[in-house]
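Structure, as structure tokens:
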Amino acid sequence: MTINEQQEELIENFELFDDWEEKYEYIIDLGKKLPGLADEFKTEDNIIKGCQSLVWLNAKFEDGNVVFEADSQAIIVKGLVNMLLQVLSDHTPQEILDADLYFIDRIGLTSHLAQTRSNGLASMVKQMKTYALAYQSLGK
Amino acid sequence: MELDIHTIRKDFPILEETVGGKKLVYFDNAATTQKPKIVIDAITDYYSAYNANIHRGIHHLAEKATAAFEDTRKTVKTFLNAASTEEIIFTYGTTDSINLVANTFGKKFIGEGDEIIISTLEHHSNIVPWQMLCEEKGAILKVIPINEDGELLMDEYKNLLSDKTKLVSVVHVSNALGTINPIKSIIDEAHKVGAKVLIDGAQASSHINIDVQDLDVDFYALSAHKLFGPTGVGILYGKKDLLLAMPPYRGGGEMIKEVTFEKTTYADLPYKFEAGTPNIADVMAFKFAIDYINTIGKENIAEHENQLLEYATEKLEEIPGLKIIGKAKEKVSVISFVLENIHPQDIGIILDQQGIAIRTGHHCTQPLMQRFNIPGTARASFSVYNTFEEVDSLIAGIKKVQKLLS
Ligand SMILES: Cc1ncc(COP(=O)(O)O)c(C=O)c1O
């Protein structure tokens with residue numbers, strides 16, 4: 001699936017929910033399903049700055065694609081991170097750099113999760129793009 | 001006196017707000033309190049009717065604005081029972097007040113090898129300015145430890161004091177745990193070794209009566225926005241002889257007596273420490289916040305808040321897996337808690353969905369969180385306009401958090 005197809009699928013999923021509880025049950029479930037990171041990758045260097053809970057991000061380059069792994073102390077953040085990985089992981093560096101992430105807005109979560117300084121999903125996206133840029137220059 | 005909370009609530013327009021269709025439950029009063037209509041109206045009134053720069057103009061508006069501004073100073077003097085209005089300095093907040101002392105008193109009276117004592121309970125704003133000063137001067141920062149309940153170990157404090165101690169700077173009430181510190185004995189002990197004392201009263205001033213003369217405190221700092229007043233206004237109380245001995249802080253207009261290119265002489269107290277055009281509108285409106293508190297009565301406010309604290313503590317303790325952090329015998333209406341296997345941020349997000357505003361995280365007290373070995377807490381803090389029904393909503397909200405996240 002392309003990045004945008006993934007985003008559309010997530011948006012469709014969220015349209016099925018009637019209230020906030022169903023929405024958050026789904027996110028929490030995604031949080032529980034995220035495999036997370038082995039302790040060896042939960043390093044100081046992999047911490048995303050600007051989050052109220054600790055979030056770790058690790059990246060690998062496999063067959064021309066960037067593959068992300070991530071983890072968080074907070075389960076809701078973990079669920080959101082899972083969505084970000086579904087959308088951005090396993091794509092080429094160029095696809096990741098070009099991605100316009102509109103799904104967070106569309107599923108109605110931006111208010112308190114994506115924007116404020118204490119919940120730095122934005123820092124997470126920025127870090128993912130930084131990895132993509134680094135692998136792109138390595139590939140050249 | 002039993003307060004009529006429903007009448008009081010009507011004074012605060014924001015309490016009518018809804019969040020995602022749900023009634024707002026505002027339990028983040030330790031971060032900032034809501035503002036009564038008279039304070040909001042005072043700001044509008046100032047800009048609509050008598051906006052002018054103060055202490056300068058001789059025209060009607062300037063005189064009216066100056067009088068209103070100085071009225072607040074008189075009101076604060078009475079509020080703190082200071083000996084004179086010269087001892088009341090307007091700042092931008094508690095943080096600014098503490099930085100003022102660090103950069104003036106600290107600059108002149110603290111040197112290499114001198115010691116400054118703070119406590120484990122401090123807010124970052126009563127840690128960082130002293131670290132910066134210590135780094136610059138080669139002075140040493142010492143920290144009073146606490147027990148498991150979040151109370152200062154007074155014997156350890158006494159052991160830290162010596163003739164090297166130049167300043168003790170501690171919080172009156174902990175913003176993270178609610179602990180009320182025994183500041184009277186902290187001050188007395190410090191004075192025995194000749195040290196001066198600054199008390200960070202950011203959290204205390206809305207709950208506890210403060211009498212700076214009775215306390216014999218050297219500096220007392222507070223923020224208007226934590227006692228129903230506007231943001232951007234703080235107070236530094238300082239003893240007159242100390243303020244006279246201290247160099248000025250910022251240079252500029254207002255704080256001078258005479259300026260020539262060769263030499264400047266400084267204005268008298270309190271203006272020596274008030275460079276530039278101050279936050280006139282908000283300072284002026286702060287008077288109305290203090291009047292509001294005085295009308296209701298601080299004792300009555302405290303009594304209601306303590307009832308809420310007691311009720312909430314009892315209800316929270318019944319919840320399996322919930323642990324209250326900070327069980328000091330003397331506490332204000334602040335409750336920090338953690339839930340087993342649930343991160344505080346998750347608690348905050350799910351409560352927010354239910355219209356309940358609490359604070360989660362480290363509360364600008366990272367060393368304190370490290371002391372308890374936790375990433376942070378969820379904190380509910382109550383004010384005079386909160387109700388028992390709202391506490392019930394919080395309890396139901398937390399049960400929902402547990403249901404969703406278990
Ligand atoms: C105990 C304590 N000290 C200092 C401060 C800083 O106050 P301000 O941000 O108004 O300067 C706060 C505010 O959170 C506080 O709770």
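In the structure tokens, the first chain shown is A, the next is B, and so on; residue numbers restart at 1 for each chain, and ligands run from 1 in the order shown.
Neighbours of ligand 1 at a cut-off of 7 Å, computed so that only C-alpha atoms and all ligand atoms are counted, are the residues Ala30, Ala31, Gly93, Thr94, Thr95, Asp96, Glu122, His123, Ser125, Asn126, Val171, Val173, Ser174, Asn175, Asp200, Gly201, Ala202, Gln203, Ser223 and His225 of chain B.
In chain B, the set of residues within 9 Å of chain A (atoms considered: only C-alpha atoms) is Ile342, His343, Pro344, Gln345, Asp346, Ile349, Ile350, Gln353, Thr360, Gly361, His362, Pro375, Gly376, Leu404 and Leu405 of chain B.
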Once you have the residues from the selection above, write them out as a PDB file, in the first residue's frame, restricted to C-alpha atoms.
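Result saved to part-v7.pdb:
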```
ATOM      1  CA  ILE B 342      -0.757   3.048  33.714  1.00  0.00           C
ATOM      2  CA  HIS B 343       1.343   5.999  32.575  1.00  0.00           C
ATOM      3  CA  PRO B 344       0.212   9.408  33.902  1.00  0.00           C
ATOM      4  CA  GLN B 345      -0.108  10.753  30.358  1.00  0.00           C
ATOM      5  CA  ASP B 346      -2.680   8.058  29.541  1.00  0.00           C
ATOM      6  CA  ILE B 349      -5.758  11.945  28.015  1.00  0.00           C
ATOM      7  CA  ILE B 350      -8.681   9.738  29.037  1.00  0.00           C
ATOM      8  CA  GLN B 353     -12.009  13.076  26.963  1.00  0.00           C
ATOM      9  CA  THR B 360       0.073  15.098  34.347  1.00  0.00           C
ATOM     10  CA  GLY B 361       3.832  14.913  34.151  1.00  0.00           C
ATOM     11  CA  HIS B 362       6.667  16.057  36.334  1.00  0.00           C
ATOM     12  CA  PRO B 375       8.205   9.436  35.588  1.00  0.00           C
ATOM     13  CA  GLY B 376       5.513  11.769  36.863  1.00  0.00           C
ATOM     14  CA  LEU B 404     -10.030   1.212  29.204  1.00  0.00           C
ATOM     15  CA  LEU B 405      -6.370   0.726  29.954  1.00  0.00           C
TER      16      LEU B 405
END
```
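By only C-alpha atoms, and with residues fewer than 6 positions from Gly297 of chain B along its chain excluded, the set lying at most 12 Å from it is Met1, Glu2, Leu3, Phe79, Ser206, His207, Ile208, Asn209, Ile290, Asp291, Glu303, His304 and Val384 of chain B.
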Would you mind exporting N, CA, C and O atoms of the selected residues as a PDB file, in the first residue's frame?
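Once written, again.pdb looks like this:
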```pdb
ATOM      1  N   MET B   1     -17.526  29.473  58.277  1.00  0.00           N
ATOM      2  CA  MET B   1     -18.746  29.793  57.525  1.00  0.00           C
ATOM      3  C   MET B   1     -18.887  28.858  56.328  1.00  0.00           C
ATOM      4  O   MET B   1     -17.935  28.628  55.592  1.00  0.00           O
ATOM      5  N   GLU B   2     -20.067  28.313  56.153  1.00  0.00           N
ATOM      6  CA  GLU B   2     -20.337  27.450  55.001  1.00  0.00           C
ATOM      7  C   GLU B   2     -20.547  28.330  53.767  1.00  0.00           C
ATOM      8  O   GLU B   2     -21.392  29.230  53.772  1.00  0.00           O
ATOM      9  N   LEU B   3     -19.768  28.107  52.726  1.00  0.00           N
ATOM     10  CA  LEU B   3     -19.886  28.940  51.534  1.00  0.00           C
ATOM     11  C   LEU B   3     -20.955  28.385  50.602  1.00  0.00           C
ATOM     12  O   LEU B   3     -21.168  27.185  50.530  1.00  0.00           O
ATOM     13  N   PHE B  79      -2.384  42.559  52.260  1.00  0.00           N
ATOM     14  CA  PHE B  79      -2.565  41.114  52.050  1.00  0.00           C
ATOM     15  C   PHE B  79      -1.431  40.306  52.696  1.00  0.00           C
ATOM     16  O   PHE B  79      -1.640  39.234  53.247  1.00  0.00           O
ATOM     17  N   SER B 206      -2.768  31.331  47.832  1.00  0.00           N
ATOM     18  CA  SER B 206      -4.214  31.258  47.652  1.00  0.00           C
ATOM     19  C   SER B 206      -4.888  30.459  48.776  1.00  0.00           C
ATOM     20  O   SER B 206      -6.103  30.462  48.890  1.00  0.00           O
ATOM     21  N   HIS B 207      -4.105  29.766  49.581  1.00  0.00           N
ATOM     22  CA  HIS B 207      -4.704  28.893  50.608  1.00  0.00           C
ATOM     23  C   HIS B 207      -4.427  29.351  52.040  1.00  0.00           C
ATOM     24  O   HIS B 207      -5.189  29.055  52.944  1.00  0.00           O
ATOM     25  N   ILE B 208      -3.284  30.010  52.249  1.00  0.00           N
ATOM     26  CA  ILE B 208      -2.812  30.246  53.609  1.00  0.00           C
ATOM     27  C   ILE B 208      -2.645  31.746  53.857  1.00  0.00           C
ATOM     28  O   ILE B 208      -2.155  32.467  52.987  1.00  0.00           O
ATOM     29  N   ASN B 209      -3.012  32.189  55.028  1.00  0.00           N
ATOM     30  CA  ASN B 209      -2.778  33.589  55.379  1.00  0.00           C
ATOM     31  C   ASN B 209      -1.281  33.830  55.544  1.00  0.00           C
ATOM     32  O   ASN B 209      -0.590  33.037  56.179  1.00  0.00           O
ATOM     33  N   ILE B 290      -7.575  40.159  44.822  1.00  0.00           N
ATOM     34  CA  ILE B 290      -7.339  40.110  46.277  1.00  0.00           C
ATOM     35  C   ILE B 290      -8.596  40.531  47.037  1.00  0.00           C
ATOM     36  O   ILE B 290      -8.969  39.910  48.032  1.00  0.00           O
ATOM     37  N   ASP B 291      -9.249  41.573  46.531  1.00  0.00           N
ATOM     38  CA  ASP B 291     -10.513  41.990  47.152  1.00  0.00           C
ATOM     39  C   ASP B 291     -11.511  40.830  47.156  1.00  0.00           C
ATOM     40  O   ASP B 291     -12.240  40.618  48.124  1.00  0.00           O
ATOM     41  N   GLU B 303     -11.240  26.243  54.256  1.00  0.00           N
ATOM     42  CA  GLU B 303     -12.092  25.229  54.871  1.00  0.00           C
ATOM     43  C   GLU B 303     -12.786  24.377  53.806  1.00  0.00           C
ATOM     44  O   GLU B 303     -12.797  23.139  53.883  1.00  0.00           O
ATOM     45  N   HIS B 304     -13.307  25.053  52.786  1.00  0.00           N
ATOM     46  CA  HIS B 304     -13.981  24.315  51.709  1.00  0.00           C
ATOM     47  C   HIS B 304     -12.986  23.427  50.957  1.00  0.00           C
ATOM     48  O   HIS B 304     -13.257  22.258  50.674  1.00  0.00           O
ATOM     49  N   VAL B 384     -11.763  27.049  45.356  1.00  0.00           N
ATOM     50  CA  VAL B 384     -12.996  27.348  46.088  1.00  0.00           C
ATOM     51  C   VAL B 384     -14.254  27.021  45.284  1.00  0.00           C
ATOM     52  O   VAL B 384     -15.285  26.669  45.852  1.00  0.00           O
TER      53      VAL B 384
END
```
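One finds atom CA of Met369 of chain B at 21.7 Å from atom CA of Ile116 of chain B.
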Inset, instruction - Determine which residues of chain A DSSP labels as alpha helix (DSSP H) from the backbone of this structure, then write them out as a ChimeraX atom specification. - result: /A:3-15,20-33,75-88,93-98,103-106,121-139
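Taking only C-alpha atoms into account, Lys23 of chain A lies nearest to A:Gly108 out of the set A:Gly64, A:Ala134, A:Leu88, A:Gly108.
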Inset, instruction - Step one, run DSSP on the backbone; step two, keep only residues of segment 91-333 of chain B assigned to strand (DSSP E); then write them as number ranges by chain. - result: B: 91, 115-119, 140-144, 165-171, 196-200, 219-223, 234-238, 256-259, 264-266, 322-325
Inset, instruction - Write out as a ChimeraX atom specification which residues come within 10 Å of Phe372 of chain B when counting only C-alpha atoms, dropping same-chain ones fewer than 3 positions away. - result: /B:147-148,150,325-326,367-369,375-376
Those residues you just picked out, can you put them in a file as a JSON list (two decimals), in the first residue's frame with N, CA, C and O atoms?
```json
[["chain", "number", "residue", "atom", "x", "y", "z"],
["B", 147, "ASN", "N", 11.07, 12.87, 53.49],
["B", 147, "ASN", "CA", 10.71, 11.49, 53.82],
["B", 147, "ASN", "C", 9.73, 10.95, 52.78],
["B", 147, "ASN", "O", 9.33, 11.66, 51.85],
["B", 148, "GLU", "N", 9.29, 9.71, 52.94],
["B", 148, "GLU", "CA", 8.38, 9.05, 51.98],
["B", 148, "GLU", "C", 7.05, 9.79, 51.84],
["B", 148, "GLU", "O", 6.38, 9.69, 50.82],
["B", 150, "GLY", "N", 6.73, 12.94, 51.82],
["B", 150, "GLY", "CA", 6.92, 14.22, 51.14],
["B", 150, "GLY", "C", 7.09, 15.38, 52.09],
["B", 150, "GLY", "O", 6.75, 16.52, 51.75],
["B", 325, "ILE", "N", 0.78, 10.04, 45.99],
["B", 325, "ILE", "CA", 2.17, 10.43, 46.24],
["B", 325, "ILE", "C", 2.14, 11.74, 47.01],
["B", 325, "ILE", "O", 1.65, 12.75, 46.51],
["B", 326, "GLY", "N", 2.69, 11.72, 48.22],
["B", 326, "GLY", "CA", 2.65, 12.93, 49.04],
["B", 326, "GLY", "C", 1.55, 12.82, 50.08],
["B", 326, "GLY", "O", 0.38, 13.11, 49.79],
["B", 367, "PRO", "N", 13.60, 16.74, 39.90],
["B", 367, "PRO", "CA", 14.36, 16.08, 40.98],
["B", 367, "PRO", "C", 13.44, 15.41, 42.01],
["B", 367, "PRO", "O", 13.78, 14.36, 42.56],
["B", 368, "LEU", "N", 12.27, 15.97, 42.24],
["B", 368, "LEU", "CA", 11.32, 15.38, 43.19],
["B", 368, "LEU", "C", 10.78, 14.06, 42.65],
["B", 368, "LEU", "O", 10.65, 13.07, 43.38],
["B", 369, "MET", "N", 10.48, 14.03, 41.34],
["B", 369, "MET", "CA", 10.00, 12.79, 40.72],
["B", 369, "MET", "C", 11.09, 11.72, 40.79],
["B", 369, "MET", "O", 10.81, 10.55, 41.04],
["B", 375, "PRO", "N", 8.04, 8.51, 36.71],
["B", 375, "PRO", "CA", 8.20, 9.44, 35.59],
["B", 375, "PRO", "C", 7.39, 10.71, 35.80],
["B", 375, "PRO", "O", 7.65, 11.75, 35.20],
["B", 376, "GLY", "N", 6.38, 10.62, 36.64],
["B", 376, "GLY", "CA", 5.51, 11.77, 36.86],
["B", 376, "GLY", "C", 4.30, 11.29, 37.62],
["B", 376, "GLY", "O", 4.22, 10.12, 38.02]]
```
Which residues are near Ile8 of chain B? Cut-off 12 Å, only C-alpha atoms, ignore same chain within fewer than 3 positions. Put them as a tab-separated table (two decimals) with all heavy atoms, in the first residue's frame.
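Result went into out.tsv, see below:
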```tsv
chain	number	residue	atom	x	y	z
B	2	GLU	N	-20.07	28.31	56.15
B	2	GLU	CA	-20.34	27.45	55.00
B	2	GLU	C	-20.55	28.33	53.77
B	2	GLU	O	-21.39	29.23	53.77
B	2	GLU	CB	-21.60	26.62	55.29
B	2	GLU	CG	-21.85	25.50	54.31
B	2	GLU	CD	-20.97	24.27	54.59
B	2	GLU	OE1	-20.48	24.13	55.73
B	2	GLU	OE2	-20.79	23.49	53.66
B	3	LEU	N	-19.77	28.11	52.73
B	3	LEU	CA	-19.89	28.94	51.53
B	3	LEU	C	-20.96	28.39	50.60
B	3	LEU	O	-21.17	27.18	50.53
B	3	LEU	CB	-18.55	28.98	50.79
B	3	LEU	CG	-17.37	29.63	51.51
B	3	LEU	CD1	-16.11	29.44	50.69
B	3	LEU	CD2	-17.64	31.11	51.74
B	4	ASP	N	-21.59	29.30	49.86
B	4	ASP	CA	-22.53	28.85	48.84
B	4	ASP	C	-21.75	28.73	47.52
B	4	ASP	O	-21.57	29.69	46.78
B	4	ASP	CB	-23.68	29.86	48.71
B	4	ASP	CG	-24.66	29.43	47.64
B	4	ASP	OD1	-24.46	28.35	47.03
B	4	ASP	OD2	-25.63	30.17	47.41
B	5	ILE	N	-21.27	27.52	47.28
B	5	ILE	CA	-20.37	27.30	46.14
B	5	ILE	C	-21.07	27.59	44.81
B	5	ILE	O	-20.45	28.09	43.87
B	5	ILE	CB	-19.81	25.85	46.15
B	5	ILE	CG1	-19.08	25.59	47.47
B	5	ILE	CG2	-18.85	25.61	44.98
B	5	ILE	CD1	-18.02	26.60	47.83
B	11	ASP	N	-19.56	33.49	39.58
B	11	ASP	CA	-18.58	34.58	39.40
B	11	ASP	C	-17.51	34.22	38.36
B	11	ASP	O	-16.76	35.10	37.95
B	11	ASP	CB	-17.86	34.88	40.73
B	11	ASP	CG	-18.82	35.39	41.79
B	11	ASP	OD1	-19.85	35.99	41.41
B	11	ASP	OD2	-18.55	35.18	42.99
B	12	PHE	N	-17.43	32.95	38.00
B	12	PHE	CA	-16.36	32.51	37.09
B	12	PHE	C	-16.95	32.04	35.76
B	12	PHE	O	-17.38	30.88	35.64
B	12	PHE	CB	-15.56	31.37	37.74
B	12	PHE	CG	-14.79	31.80	38.95
B	12	PHE	CD1	-15.41	31.88	40.21
B	12	PHE	CD2	-13.46	32.16	38.86
B	12	PHE	CE1	-14.71	32.31	41.33
B	12	PHE	CE2	-12.74	32.58	39.98
B	12	PHE	CZ	-13.38	32.66	41.22
B	13	PRO	N	-16.98	32.94	34.76
B	13	PRO	CA	-17.64	32.61	33.49
B	13	PRO	C	-17.14	31.32	32.86
B	13	PRO	O	-17.92	30.56	32.28
B	13	PRO	CB	-17.30	33.81	32.59
B	13	PRO	CG	-16.89	34.91	33.51
B	13	PRO	CD	-16.39	34.28	34.76
B	15	LEU	N	-16.37	28.53	33.98
B	15	LEU	CA	-16.89	27.27	34.51
B	15	LEU	C	-18.14	26.80	33.78
B	15	LEU	O	-18.58	25.66	33.94
B	15	LEU	CB	-17.16	27.40	36.02
B	15	LEU	CG	-15.93	27.73	36.87
B	15	LEU	CD1	-16.32	27.89	38.33
B	15	LEU	CD2	-14.84	26.66	36.73
B	34	GLN	N	-8.85	29.96	37.79
B	34	GLN	CA	-9.71	30.71	36.88
B	34	GLN	C	-9.94	32.11	37.45
B	34	GLN	O	-9.60	32.38	38.60
B	34	GLN	CB	-11.01	29.95	36.65
B	34	GLN	CG	-10.78	28.60	35.98
B	34	GLN	CD	-10.03	28.70	34.65
B	34	GLN	OE1	-9.92	29.78	34.04
B	34	GLN	NE2	-9.49	27.59	34.19
B	35	LYS	N	-10.47	32.99	36.60
B	35	LYS	CA	-10.60	34.40	36.99
B	35	LYS	C	-12.07	34.79	37.19
B	35	LYS	O	-12.89	34.52	36.31
B	35	LYS	CB	-10.00	35.32	35.93
B	35	LYS	CG	-8.69	34.83	35.31
B	35	LYS	CD	-7.59	34.57	36.32
B	35	LYS	CE	-6.41	33.89	35.66
B	35	LYS	NZ	-5.53	33.22	36.64
B	36	PRO	N	-12.37	35.45	38.30
B	36	PRO	CA	-13.74	35.94	38.47
B	36	PRO	C	-14.03	37.11	37.52
B	36	PRO	O	-13.11	37.79	37.07
B	36	PRO	CB	-13.77	36.40	39.93
B	36	PRO	CG	-12.36	36.67	40.29
B	36	PRO	CD	-11.50	35.78	39.43
B	37	LYS	N	-15.31	37.29	37.27
B	37	LYS	CA	-15.72	38.31	36.30
B	37	LYS	C	-15.21	39.70	36.67
B	37	LYS	O	-14.84	40.48	35.79
B	37	LYS	CB	-17.25	38.32	36.20
B	37	LYS	CG	-17.77	39.07	35.01
B	37	LYS	CD	-19.13	38.58	34.58
B	37	LYS	CE	-19.63	39.32	33.35
B	37	LYS	NZ	-19.60	40.79	33.50
B	292	TYR	N	-11.52	40.11	46.04
B	292	TYR	CA	-12.45	38.98	45.92
B	292	TYR	C	-12.15	37.92	46.99
B	292	TYR	O	-13.06	37.44	47.67
B	292	TYR	CB	-12.33	38.37	44.51
B	292	TYR	CG	-13.32	37.27	44.25
B	292	TYR	CD1	-14.64	37.57	43.92
B	292	TYR	CD2	-12.95	35.93	44.36
B	292	TYR	CE1	-15.57	36.56	43.71
B	292	TYR	CE2	-13.87	34.92	44.14
B	292	TYR	CZ	-15.18	35.24	43.81
B	292	TYR	OH	-16.10	34.24	43.61
B	293	ILE	N	-10.87	37.62	47.15
B	293	ILE	CA	-10.46	36.64	48.18
B	293	ILE	C	-10.87	37.14	49.56
B	293	ILE	O	-11.42	36.41	50.38
B	293	ILE	CB	-8.93	36.40	48.14
B	293	ILE	CG1	-8.54	35.70	46.83
B	293	ILE	CG2	-8.47	35.58	49.34
B	293	ILE	CD1	-7.05	35.59	46.62
B	295	THR	N	-13.21	39.19	50.37
B	295	THR	CA	-14.66	39.18	50.55
B	295	THR	C	-15.14	37.80	50.97
B	295	THR	O	-15.98	37.65	51.87
B	295	THR	CB	-15.37	39.60	49.24
B	295	THR	OG1	-14.80	40.83	48.80
B	295	THR	CG2	-16.85	39.78	49.45
B	296	ILE	N	-14.63	36.78	50.30
B	296	ILE	CA	-15.04	35.41	50.67
B	296	ILE	C	-14.37	35.01	51.99
B	296	ILE	O	-14.98	34.34	52.82
B	296	ILE	CB	-14.67	34.40	49.57
B	296	ILE	CG1	-15.35	34.80	48.26
B	296	ILE	CG2	-15.09	32.98	49.96
B	296	ILE	CD1	-15.02	33.87	47.12
B	301	ILE	N	-12.31	29.88	52.36
B	301	ILE	CA	-11.81	29.20	51.15
B	301	ILE	C	-11.07	27.94	51.56
B	301	ILE	O	-11.32	26.85	51.04
B	301	ILE	CB	-10.88	30.14	50.34
B	301	ILE	CG1	-11.68	31.33	49.79
B	301	ILE	CG2	-10.19	29.39	49.22
B	301	ILE	CD1	-10.84	32.37	49.06
B	304	HIS	N	-13.31	25.05	52.79
B	304	HIS	CA	-13.98	24.31	51.71
B	304	HIS	C	-12.99	23.43	50.96
B	304	HIS	O	-13.26	22.26	50.67
B	304	HIS	CB	-14.65	25.30	50.75
B	304	HIS	CG	-15.28	24.64	49.56
B	304	HIS	ND1	-16.36	23.79	49.66
B	304	HIS	CD2	-14.95	24.67	48.24
B	304	HIS	CE1	-16.68	23.34	48.46
B	304	HIS	NE2	-15.84	23.85	47.58
B	383	SER	N	-9.96	24.22	43.97
B	383	SER	CA	-10.10	25.61	44.39
B	383	SER	C	-11.50	25.81	44.97
B	383	SER	O	-12.31	24.87	45.03
B	383	SER	CB	-9.85	26.54	43.21
B	383	SER	OG	-9.84	27.87	43.67
B	384	VAL	N	-11.76	27.05	45.36
B	384	VAL	CA	-13.00	27.35	46.09
B	384	VAL	C	-14.25	27.02	45.28
B	384	VAL	O	-15.29	26.67	45.85
B	384	VAL	CB	-13.00	28.83	46.54
B	384	VAL	CG1	-13.02	29.78	45.35
B	384	VAL	CG2	-14.14	29.13	47.49
B	385	TYR	N	-14.16	27.10	43.94
B	385	TYR	CA	-15.36	26.88	43.13
B	385	TYR	C	-15.60	25.41	42.78
B	385	TYR	O	-16.53	25.09	42.06
B	385	TYR	CB	-15.30	27.72	41.85
B	385	TYR	CG	-13.93	27.78	41.21
B	385	TYR	CD1	-13.34	26.67	40.63
B	385	TYR	CD2	-13.20	28.98	41.21
B	385	TYR	CE1	-12.09	26.72	40.06
B	385	TYR	CE2	-11.94	29.06	40.63
B	385	TYR	CZ	-11.39	27.92	40.06
B	385	TYR	OH	-10.14	27.99	39.50
B	386	ASN	N	-14.75	24.52	43.24
B	386	ASN	CA	-14.95	23.10	42.94
B	386	ASN	C	-15.96	22.48	43.90
B	386	ASN	O	-16.12	22.94	45.03
B	386	ASN	CB	-13.63	22.34	42.98
B	386	ASN	CG	-12.72	22.72	41.83
B	386	ASN	OD1	-11.57	23.11	42.03
B	386	ASN	ND2	-13.22	22.63	40.61
B	387	THR	N	-16.61	21.41	43.43
B	387	THR	CA	-17.69	20.80	44.22
B	387	THR	C	-17.40	19.32	44.48
B	387	THR	O	-16.57	18.71	43.82
B	387	THR	CB	-19.03	20.89	43.45
B	387	THR	OG1	-18.93	20.10	42.26
B	387	THR	CG2	-19.36	22.33	43.07
```
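Atom CA of Phe41 of chain A lies 9.6 Å from atom CA of Asp71 of chain A.
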Legend entry - Spatial neighbours of Val39 of chain B, 9 Å, only C-alpha atoms, chain gap at least 3 places, as a list in words: Lys35, Pro36, Ala42, Ile43, Thr44, Phe228, Gly229, Pro230, Asp282, Ala285, Phe286, Lys287, Phe288, Ala289 and Tyr292 of chain B
Inset, instruction - Please provide as a ChimeraX atom specification all residues within 10 Å of Ala83 of chain B, with the sequence filter that same-chain residues fewer than 2 positions apart are discarded (counting only C-alpha atoms). - result: /B:77-78,80-81,85-88,212-213,239-240
